[in-house]
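model_39.cif (mmCIF, C-alpha atoms)
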data_target
loop_
_atom_site.label_atom_id
_atom_site.label_comp_id
_atom_site.auth_asym_id
_atom_site.auth_seq_id
_atom_site.Cartn_x
_atom_site.Cartn_y
_atom_site.Cartn_z
CA MET A 2 0.00 0.00 0.00
CA ARG A 3 1.85 3.04 -1.30
CA ILE A 4 0.85 6.42 0.14
CA ASP A 5 3.90 8.69 -0.08
CA GLY A 6 4.19 9.83 -3.68
CA SER A 7 0.75 8.55 -4.67
CA GLY A 8 -1.80 10.78 -6.34
CA THR A 9 -3.12 11.92 -9.71
CA LEU A 10 -1.82 14.00 -12.62
CA ARG A 11 -2.15 17.24 -10.62
CA ALA A 12 -1.91 15.97 -7.02
CA SER A 13 0.95 14.30 -5.18
CA CYS A 14 1.05 13.09 -1.58
CA VAL A 15 3.86 13.76 0.87
CA LEU A 16 3.29 11.51 3.90
CA CYS A 17 4.16 12.97 7.29
CA PRO A 18 5.89 10.51 9.68
CA ASN A 19 3.27 10.86 12.43
CA PRO A 20 1.49 7.49 12.45
CA GLY A 21 -0.95 6.64 15.22
CA PRO A 22 -4.42 5.32 16.06
CA MET A 23 -6.05 8.60 14.97
CA THR A 24 -3.66 9.52 12.12
CA LEU A 25 -3.36 6.04 10.57
CA GLU A 26 -0.11 5.92 8.54
CA GLY A 27 0.35 9.67 9.06
CA THR A 28 -1.02 12.94 7.73
CA ASN A 29 -1.24 13.27 3.96
CA THR A 30 0.04 16.63 2.74
CA TRP A 31 -1.09 17.21 -0.84
CA LEU A 32 0.84 19.20 -3.45
CA LEU A 33 -1.39 20.44 -6.27
CA ARG A 34 -0.07 21.90 -9.49
CA GLU A 35 -1.29 22.32 -13.05
CA PRO A 36 1.07 20.43 -15.42
CA GLY A 37 3.81 22.73 -16.64
CA ALA A 38 2.83 25.53 -14.25
CA ARG A 39 4.98 27.01 -11.51
CA GLY A 40 2.39 27.77 -8.83
CA VAL A 41 1.67 25.10 -6.21
CA VAL A 42 -1.19 24.79 -3.73
CA VAL A 43 -0.40 22.80 -0.58
CA VAL A 44 -3.32 21.19 1.21
CA ASP A 45 -2.82 20.41 4.92
CA PRO A 46 0.83 21.23 5.71
CA GLY A 47 0.57 18.87 8.69
CA PRO A 48 1.73 18.99 12.31
CA HIS A 49 4.74 20.95 13.53
CA GLU A 50 7.15 18.28 12.29
CA GLU A 51 10.00 20.37 10.91
CA ARG A 52 11.62 17.66 8.82
CA HIS A 53 8.31 16.98 7.07
CA LEU A 54 7.58 20.66 6.45
CA GLU A 55 11.10 21.28 5.17
CA ARG A 56 10.85 18.23 2.92
CA VAL A 57 7.61 19.56 1.39
CA ALA A 58 9.14 22.99 0.79
CA ARG A 59 12.30 21.44 -0.68
CA MET A 60 10.33 19.16 -3.03
CA VAL A 61 8.47 22.14 -4.46
CA GLN A 62 11.71 24.09 -4.87
CA GLU A 63 13.47 21.18 -6.57
CA GLN A 64 10.64 21.03 -9.11
CA GLY A 65 11.34 24.65 -10.04
CA ALA A 66 7.97 25.58 -8.58
CA GLN A 67 6.72 27.88 -5.82
CA VAL A 68 4.10 27.48 -3.10
CA VAL A 69 1.48 30.17 -3.74
CA MET A 70 -0.82 29.23 -0.86
CA SER A 71 -1.71 26.54 1.63
CA LEU A 72 -5.25 25.41 2.44
CA VAL A 73 -6.32 23.45 5.49
CA THR A 74 -9.28 21.08 5.41
CA HIS A 75 -10.03 21.53 9.13
CA ARG A 76 -8.52 22.80 12.35
CA HIS A 77 -7.00 19.66 13.92
CA ASP A 78 -3.35 19.97 14.89
CA ASP A 79 -2.19 17.04 12.75
CA HIS A 80 -3.25 19.12 9.73
CA THR A 81 -2.50 22.66 10.90
CA GLY A 82 0.16 22.56 13.64
CA GLY A 83 2.94 23.27 11.16
CA SER A 84 1.10 25.97 9.20
CA ARG A 85 2.93 28.94 10.66
CA TYR A 86 6.37 27.40 10.24
CA PHE A 87 5.50 26.30 6.71
CA SER A 88 4.33 29.82 5.88
CA GLU A 89 7.66 31.14 7.17
CA LEU A 90 9.54 28.63 4.99
CA THR A 91 7.63 29.43 1.81
CA GLY A 92 6.33 32.97 2.29
CA ALA A 93 2.87 31.70 1.30
CA PRO A 94 -0.35 32.46 3.21
CA VAL A 95 -2.49 29.77 4.82
CA HIS A 96 -6.24 29.91 4.16
CA ALA A 97 -8.78 28.20 6.42
CA VAL A 98 -12.43 28.31 7.48
CA ASP A 99 -11.45 28.84 11.12
CA PRO A 100 -9.84 32.30 11.52
CA ARG A 101 -7.50 30.91 14.18
CA MET A 102 -5.94 28.57 11.63
CA ARG A 103 -5.15 31.28 9.07
CA VAL A 104 -1.65 32.65 8.60
CA GLY A 105 -1.90 35.80 6.54
CA GLY A 106 -4.70 34.20 4.56
CA SER A 107 -8.47 34.45 4.25
CA GLY A 108 -11.47 32.21 4.78
CA LEU A 109 -12.79 29.40 2.62
CA GLU A 110 -16.39 29.76 1.46
CA ASP A 111 -18.64 26.96 0.29
CA GLY A 112 -18.70 26.95 -3.52
CA GLU A 113 -15.70 29.27 -3.83
CA VAL A 114 -13.40 28.48 -6.74
CA ILE A 115 -9.71 28.92 -6.03
CA SER A 116 -7.52 29.48 -9.11
CA VAL A 117 -3.73 29.24 -9.04
CA ASP A 118 -1.70 29.29 -12.25
CA GLY A 119 -4.33 27.35 -14.23
CA LEU A 120 -5.30 25.01 -11.39
CA GLU A 121 -8.89 25.26 -10.15
CA LEU A 122 -10.28 23.94 -6.87
CA ARG A 123 -13.86 24.22 -5.65
CA VAL A 124 -14.46 24.44 -1.89
CA ILE A 125 -17.15 22.07 -0.60
CA ALA A 126 -18.32 22.66 2.97
CA THR A 127 -18.62 19.29 4.73
CA PRO A 128 -19.19 19.88 8.45
CA GLY A 129 -19.36 16.86 10.72
CA HIS A 130 -15.89 15.59 11.55
CA THR A 131 -15.43 19.19 12.68
CA ASP A 132 -17.71 22.13 12.10
CA ASP A 133 -15.08 23.77 9.87
CA SER A 134 -14.35 20.74 7.65
CA VAL A 135 -14.15 21.24 3.90
CA CYS A 136 -13.41 19.07 0.89
CA LEU A 137 -11.84 20.30 -2.33
CA LEU A 138 -13.06 19.32 -5.79
CA LEU A 139 -10.28 19.06 -8.38
CA GLU A 140 -12.58 18.64 -11.36
CA SER A 141 -9.80 18.50 -13.96
CA ASP A 142 -8.56 15.26 -12.37
CA ASP A 143 -12.05 13.90 -11.52
CA THR A 144 -10.78 13.99 -7.95
CA LEU A 145 -12.00 15.06 -4.52
CA LEU A 146 -9.68 15.85 -1.60
CA THR A 147 -11.61 14.81 1.51
CA GLY A 148 -9.51 15.79 4.54
CA ASP A 149 -10.80 13.67 7.42
CA THR A 150 -14.40 13.58 6.21
CA VAL A 151 -13.50 10.37 4.36
CA LEU A 152 -10.39 8.40 5.29
CA GLY A 153 -8.32 5.93 3.31
CA HIS A 154 -9.52 3.21 5.67
CA GLY A 155 -11.70 3.22 8.76
CA THR A 156 -14.04 6.06 9.62
CA PRO A 157 -13.43 9.40 11.37
CA VAL A 158 -14.46 10.45 14.84
CA ILE A 159 -17.23 13.04 15.05
CA ASP A 160 -15.85 16.06 16.88
CA GLY A 161 -18.66 17.36 19.08
CA ASP A 162 -21.94 15.90 20.26
CA ASP A 163 -23.95 17.79 17.63
CA GLY A 164 -21.82 16.70 14.68
CA LEU A 165 -23.52 13.55 13.42
CA ALA A 166 -26.51 15.19 11.74
CA PRO A 167 -24.35 17.58 9.66
CA TYR A 168 -21.90 14.74 8.99
CA MET A 169 -24.65 12.57 7.53
CA ASP A 170 -25.80 15.52 5.42
CA SER A 171 -22.20 15.97 4.23
CA LEU A 172 -21.90 12.31 3.23
CA TYR A 173 -25.10 12.46 1.20
CA ARG A 174 -23.93 15.71 -0.40
CA LEU A 175 -20.56 14.20 -1.33
CA ARG A 176 -22.18 11.12 -2.83
CA ASP A 177 -24.41 13.34 -4.97
CA LEU A 178 -21.37 15.41 -5.99
CA VAL A 179 -19.38 12.27 -6.88
CA ARG A 180 -22.20 11.15 -9.14
CA GLU A 181 -22.76 14.59 -10.68
CA TYR A 182 -19.10 15.25 -11.49
CA ARG A 183 -18.18 11.61 -12.09
CA VAL A 184 -15.42 11.76 -9.52
CA ARG A 185 -13.11 8.78 -9.89
CA THR A 186 -10.66 9.28 -7.03
CA LEU A 187 -10.76 10.38 -3.39
CA LEU A 188 -7.60 11.81 -1.84
CA PRO A 189 -8.00 11.54 1.95
CA GLY A 190 -6.20 13.30 4.77
CA HIS A 191 -4.99 9.93 6.09
CA GLY A 192 -4.53 6.56 4.43
CA PRO A 193 -4.30 5.50 0.78
CA ILE A 194 -6.16 7.02 -2.14
CA LEU A 195 -9.57 5.53 -2.93
CA SER A 196 -10.67 4.61 -6.44
CA SER A 197 -14.36 3.75 -5.90
CA PRO A 198 -15.84 6.99 -4.50
CA ASP A 199 -19.53 6.11 -4.88
CA ALA A 200 -19.07 2.74 -3.19
CA VAL A 201 -16.96 4.25 -0.41
CA LEU A 202 -19.51 6.96 0.39
CA SER A 203 -22.39 4.48 0.27
CA SER A 204 -20.44 2.28 2.66
CA TYR A 205 -19.85 5.24 5.00
CA ILE A 206 -23.55 6.06 5.00
CA ASP A 207 -24.50 2.42 5.62
CA HIS A 208 -21.95 2.18 8.42
CA ARG A 209 -23.33 5.23 10.24
CA GLU A 210 -26.91 4.04 9.80
CA SER A 211 -25.90 0.62 11.12
CA ARG A 212 -24.21 2.15 14.17
CA LEU A 213 -27.32 4.19 14.89
CA GLU A 214 -29.40 1.02 14.76
CA GLN A 215 -26.96 -0.68 17.15
CA VAL A 216 -27.34 2.24 19.58
CA ARG A 217 -31.13 1.98 19.28
CA ALA A 218 -30.87 -1.75 20.04
CA ALA A 219 -28.65 -1.06 23.06
CA LEU A 220 -31.20 1.44 24.36
CA ARG A 221 -34.03 -1.05 23.85
CA SER A 222 -32.05 -3.61 25.85
CA GLY A 223 -31.84 -1.24 28.82
CA ALA A 224 -28.55 0.63 28.37
CA ALA A 225 -28.99 4.07 29.91
CA SER A 226 -25.57 5.74 29.71
CA THR A 227 -22.79 6.34 27.23
CA GLU A 228 -20.56 3.86 29.07
CA GLU A 229 -23.15 1.09 28.90
CA ILE A 230 -23.82 1.72 25.23
CA VAL A 231 -20.10 1.65 24.39
CA ASP A 232 -19.85 -1.73 26.13
CA LYS A 233 -22.69 -3.11 24.02
CA VAL A 234 -21.89 -1.53 20.66
CA TYR A 235 -18.07 -1.80 20.87
CA PRO A 236 -17.51 -4.89 23.06
CA ASP A 237 -13.97 -5.58 21.84
CA ILE A 238 -12.68 -2.02 21.62
CA SER A 239 -9.13 -1.28 22.79
CA GLU A 240 -8.51 1.24 25.55
CA LYS A 241 -6.47 3.34 23.11
CA ILE A 242 -9.59 4.35 21.18
CA ARG A 243 -12.23 3.99 23.89
CA LEU A 244 -12.47 7.77 24.27
CA ALA A 245 -13.14 8.02 20.55
CA ALA A 246 -15.94 5.47 20.91
CA HIS A 247 -17.43 7.54 23.76
CA SER A 248 -17.34 10.58 21.49
CA SER A 249 -19.09 8.70 18.69
CA VAL A 250 -21.79 7.35 21.00
CA ARG A 251 -22.48 10.80 22.44
CA ALA A 252 -22.89 12.11 18.90
CA GLN A 253 -25.23 9.23 18.07
CA LEU A 254 -27.31 9.85 21.19
CA ARG A 255 -27.51 13.55 20.42
CA TYR A 256 -28.64 12.69 16.88
CA LEU A 257 -31.40 10.45 18.23
CA GLU A 258 -32.37 13.13 20.75
CA GLN A 259 -32.63 15.73 17.98
CA HIS A 260 -34.89 13.36 16.07
CA GLY A 261 -37.14 12.70 19.08
CA GLU A 262 -36.01 9.09 19.58
CA LEU A 263 -34.45 9.42 23.04
CA SER A 264 -36.21 9.16 26.37
CA GLU A 265 -35.38 11.55 29.21
CA GLU A 266 -34.01 8.67 31.32
CA VAL A 267 -30.99 8.24 29.07
CA GLU A 268 -27.81 10.07 30.09
CA VAL A 269 -26.44 12.00 27.10
#
In structure tokens, how does this file's structure come out?
Amino acid sequence: MRIDGSGTLRASCVLCPNPGPMTLEGTNTWLLREPGARGVVVVDPGPHEERHLERVARMVQEQGAQVVMSLVTHRHDDHTGGSRYFSELTGAPVHAVDPRMRVGGSGLEDGEVISVDGLELRVIATPGHTDDSVCLLLESDDTLLTGDTVLGHGTPVIDGDDGLAPYMDSLYRLRDLVREYRVRTLLPGHGPILSSPDAVLSSYIDHRESRLEQVRAALRSGAASTEEIVDKVYPDISEKIRLAAHSSVRAQLRYLEQHGELSEEVEV
């Protein structure tokens, strides 16, 4: 499974050496450039890992190119922690939805088209994993950069108890977009590239719906707290990711509460 150096005609991955339970093989930093052009867009510089950031900057320089801007798909530190240092290395601004993540840059608006030296990216708001999550449509490559909204394998944690409803909406929106634009490739923020976007998004939707049904079943069996539901829905979970399971269950309970499916006796 090759990740570092993988990509499409206009996109190339530089894998950060920060593997872990939440980052999988590491953070994927994407270099985007129109063939023959000089201007480069960097998506998700990554954490404050100086060797990685310097490697990215050096790769661009060795190609006779220049970083024009960086974009971040969401605020988590494994995608943004190195933004300021990377901006210092390259002199390029960092654009983000969250103002705190910007470095001399501006916001990212849903539907906005970003043009750099012939390259065009369309910003797609996809809240859920975080409320500031975005994906980026690279139509010329039939490609979608998904940040952590869709991963190369596994599924992301929902950040915040109110995140599941917008996340489900985002998944449905992305599946519609994949079908409309005939997207052939997903470039995730972690893990390998994905070549069956429609199937992947359908699987994500089915997975979330299945988890919701498991939570409903746990509630019907008498579970009345997050801890009890985690024990029933994730019986074999490791302690390393138990907190993530708690976060997911809270989001699922909040979703059911918002849809009038939760009794007052249940601890959310």
Could you expand the PyMOL selection byres ((chain A and resi 157) around 12) into the explicit residues it covers here, written as a tab-separated table (two decimals) with C-alpha atoms, in the coordinates of the input?
chain	number	residue	atom	x	y	z
A	22	PRO	CA	-4.42	5.32	16.06
A	23	MET	CA	-6.05	8.60	14.97
A	24	THR	CA	-3.66	9.52	12.12
A	25	LEU	CA	-3.36	6.04	10.57
A	129	GLY	CA	-19.36	16.86	10.72
A	130	HIS	CA	-15.89	15.59	11.55
A	131	THR	CA	-15.43	19.19	12.68
A	134	SER	CA	-14.35	20.74	7.65
A	147	THR	CA	-11.61	14.81	1.51
A	148	GLY	CA	-9.51	15.79	4.54
A	149	ASP	CA	-10.80	13.67	7.42
A	150	THR	CA	-14.40	13.58	6.21
A	151	VAL	CA	-13.50	10.37	4.36
A	152	LEU	CA	-10.39	8.40	5.29
A	153	GLY	CA	-8.32	5.93	3.31
A	154	HIS	CA	-9.52	3.21	5.67
A	155	GLY	CA	-11.70	3.22	8.76
A	156	THR	CA	-14.04	6.06	9.62
A	158	VAL	CA	-14.46	10.45	14.84
A	159	ILE	CA	-17.23	13.04	15.05
A	160	ASP	CA	-15.85	16.06	16.88
A	164	GLY	CA	-21.82	16.70	14.68
A	165	LEU	CA	-23.52	13.55	13.42
A	168	TYR	CA	-21.90	14.74	8.99
A	189	PRO	CA	-8.00	11.54	1.95
A	190	GLY	CA	-6.20	13.30	4.77
A	191	HIS	CA	-4.99	9.93	6.09
A	192	GLY	CA	-4.53	6.56	4.43
A	205	TYR	CA	-19.85	5.24	5.00
A	208	HIS	CA	-21.95	2.18	8.42
A	209	ARG	CA	-23.33	5.23	10.24
A	242	ILE	CA	-9.59	4.35	21.18
A	245	ALA	CA	-13.14	8.02	20.55
A	246	ALA	CA	-15.94	5.47	20.91
A	248	SER	CA	-17.34	10.58	21.49
A	249	SER	CA	-19.09	8.70	18.69
Which residues come within 7 Å of Gly47 (chain A), counting only C-alpha atoms, excluding same-chain residues fewer than 5 positions away, as a PDB file with C-alpha atoms, in the coordinates of the input?
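So selection-v7.pdb came out as:
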ATOM      1  CA  THR A  28      -1.020  12.940   7.730  1.00  0.00           C
ATOM      2  CA  THR A  30       0.040  16.630   2.740  1.00  0.00           C
ATOM      3  CA  ASP A  79      -2.190  17.040  12.750  1.00  0.00           C
ATOM      4  CA  HIS A  80      -3.250  19.120   9.730  1.00  0.00           C
ATOM      5  CA  THR A  81      -2.500  22.660  10.900  1.00  0.00           C
ATOM      6  CA  GLY A  82       0.160  22.560  13.640  1.00  0.00           C
ATOM      7  CA  GLY A  83       2.940  23.270  11.160  1.00  0.00           C
TER       8      GLY A  83
END
Could you name the residues that touch Thr144 (chain A) at 12 Å or less, counting only C-alpha atoms, but leaving out those on the same chain fewer than 5 positions away, as a PDB file with C-alpha atoms, keeping the file's coordinate frame?
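Everything below was put into result_12.pdb:
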ATOM      1  CA  GLY A   8      -1.800  10.780  -6.340  1.00  0.00           C
ATOM      2  CA  THR A   9      -3.120  11.920  -9.710  1.00  0.00           C
ATOM      3  CA  LEU A  10      -1.820  14.000 -12.620  1.00  0.00           C
ATOM      4  CA  ARG A  11      -2.150  17.240 -10.620  1.00  0.00           C
ATOM      5  CA  ALA A  12      -1.910  15.970  -7.020  1.00  0.00           C
ATOM      6  CA  LEU A  33      -1.390  20.440  -6.270  1.00  0.00           C
ATOM      7  CA  GLU A 121      -8.890  25.260 -10.150  1.00  0.00           C
ATOM      8  CA  LEU A 122     -10.280  23.940  -6.870  1.00  0.00           C
ATOM      9  CA  ARG A 123     -13.860  24.220  -5.650  1.00  0.00           C
ATOM     10  CA  CYS A 136     -13.410  19.070   0.890  1.00  0.00           C
ATOM     11  CA  LEU A 137     -11.840  20.300  -2.330  1.00  0.00           C
ATOM     12  CA  LEU A 138     -13.060  19.320  -5.790  1.00  0.00           C
ATOM     13  CA  LEU A 139     -10.280  19.060  -8.380  1.00  0.00           C
ATOM     14  CA  LEU A 175     -20.560  14.200  -1.330  1.00  0.00           C
ATOM     15  CA  LEU A 178     -21.370  15.410  -5.990  1.00  0.00           C
ATOM     16  CA  VAL A 179     -19.380  12.270  -6.880  1.00  0.00           C
ATOM     17  CA  ARG A 180     -22.200  11.150  -9.140  1.00  0.00           C
ATOM     18  CA  TYR A 182     -19.100  15.250 -11.490  1.00  0.00           C
ATOM     19  CA  ARG A 183     -18.180  11.610 -12.090  1.00  0.00           C
ATOM     20  CA  VAL A 184     -15.420  11.760  -9.520  1.00  0.00           C
ATOM     21  CA  ARG A 185     -13.110   8.780  -9.890  1.00  0.00           C
ATOM     22  CA  THR A 186     -10.660   9.280  -7.030  1.00  0.00           C
ATOM     23  CA  LEU A 187     -10.760  10.380  -3.390  1.00  0.00           C
ATOM     24  CA  LEU A 188      -7.600  11.810  -1.840  1.00  0.00           C
ATOM     25  CA  PRO A 189      -8.000  11.540   1.950  1.00  0.00           C
ATOM     26  CA  ILE A 194      -6.160   7.020  -2.140  1.00  0.00           C
ATOM     27  CA  LEU A 195      -9.570   5.530  -2.930  1.00  0.00           C
ATOM     28  CA  SER A 196     -10.670   4.610  -6.440  1.00  0.00           C
ATOM     29  CA  SER A 197     -14.360   3.750  -5.900  1.00  0.00           C
ATOM     30  CA  PRO A 198     -15.840   6.990  -4.500  1.00  0.00           C
TER      31      PRO A 198
END
Who sits within 9 Å of Gly40 (chain A), all atoms listed in the file, same chain under 5 positions skipped, as a compact mmCIF listing (two decimals) with C-alpha atoms, in the frame of the given file:
# COMPACT_ATOMS: atom_id res chain seq x y z
CA LEU A 33 -1.39 20.44 -6.27
CA ARG A 34 -0.07 21.90 -9.49
CA GLU A 35 -1.29 22.32 -13.05
CA ALA A 66 7.97 25.58 -8.58
CA GLN A 67 6.72 27.88 -5.82
CA VAL A 68 4.10 27.48 -3.10
CA VAL A 69 1.48 30.17 -3.74
CA MET A 70 -0.82 29.23 -0.86
CA VAL A 117 -3.73 29.24 -9.04
CA ASP A 118 -1.70 29.29 -12.25
CA GLY A 119 -4.33 27.35 -14.23
CA LEU A 120 -5.30 25.01 -11.39
Distance of CA of Arg212 (chain A) from CA of Asp232 (chain A), expressed in Å to one decimal place: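 Atom-to-atom, CA of Asp232 (chain A) to CA of Arg212 (chain A), that is 13.3 Å.
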Residue nearest Ser203 (chain A) - candidates A:Ala225, A:Leu254, A:Met60, A:Met169, atoms counted: all atoms listed in the file: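 So, comparing all the options, the nearest one is A:Met169.
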Mind dumping a table of every region 9-56 of chain A residue within 10 Å of region 90-114 of chain A, with the nearest atom pair and its distance in Å to one decimal, using only C-alpha atoms, sorted by chain and rising number, as JSON lines?
{"residue": "A:Val42", "atom": "CA", "partner": "A:Ala93", "partner_atom": "CA", "distance": 9.5}
{"residue": "A:Val43", "atom": "CA", "partner": "A:Val95", "partner_atom": "CA", "distance": 9.1}
{"residue": "A:Val44", "atom": "CA", "partner": "A:Val95", "partner_atom": "CA", "distance": 9.3}
{"residue": "A:Asp45", "atom": "CA", "partner": "A:Val95", "partner_atom": "CA", "distance": 9.4}
{"residue": "A:Pro46", "atom": "CA", "partner": "A:Val95", "partner_atom": "CA", "distance": 9.2}
{"residue": "A:Leu54", "atom": "CA", "partner": "A:Leu90", "partner_atom": "CA", "distance": 8.3}
{"residue": "A:Glu55", "atom": "CA", "partner": "A:Leu90", "partner_atom": "CA", "distance": 7.5}
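Among the candidate residues A:Tyr256, A:Gln215, A:Glu210, A:Met2, the one lying nearest to Pro236 (chain A) is A:Gln215, with distances computed using all atoms listed in the file.
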From A:Val15, A:His77, A:Ala38, A:Leu257, residue lying nearest Arg59 (chain A) [all atoms listed in the file]: A:Val15
Between CA of Arg52 (chain A) and CA of Pro18 (chain A) - distance in Å to one decimal: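 So the two atoms, CA of Pro18 (chain A) and CA of Arg52 (chain A), lie 9.2 Å apart.
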Radius query 6 Å about (-23.6, 3.5, 18.0), atoms used: only C-alpha atoms, as a ChimeraX atom specification: /A:212-213,215-216,234,250,253
Residues near Ser13 (chain A), cut-off 6 Å, all atoms listed in the file, skip fewer than 5 positions along chain, as a list in words: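 In the requested form, the answer reads Gly6, Ser7, Gly8, Trp31 and Leu32 of chain A.
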Between CA of Arg3 (chain A) and CA of Pro193 (chain A), distance in Å (one decimal):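 Calculated distance between CA of Arg3 (chain A) and CA of Pro193 (chain A) is 6.9 Å.
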Given all atoms listed in the file as the counted atoms, nearest of A:Asp207, A:Asp78, A:Asp5, A:Asp237 to Pro48 (chain A): A:Asp78
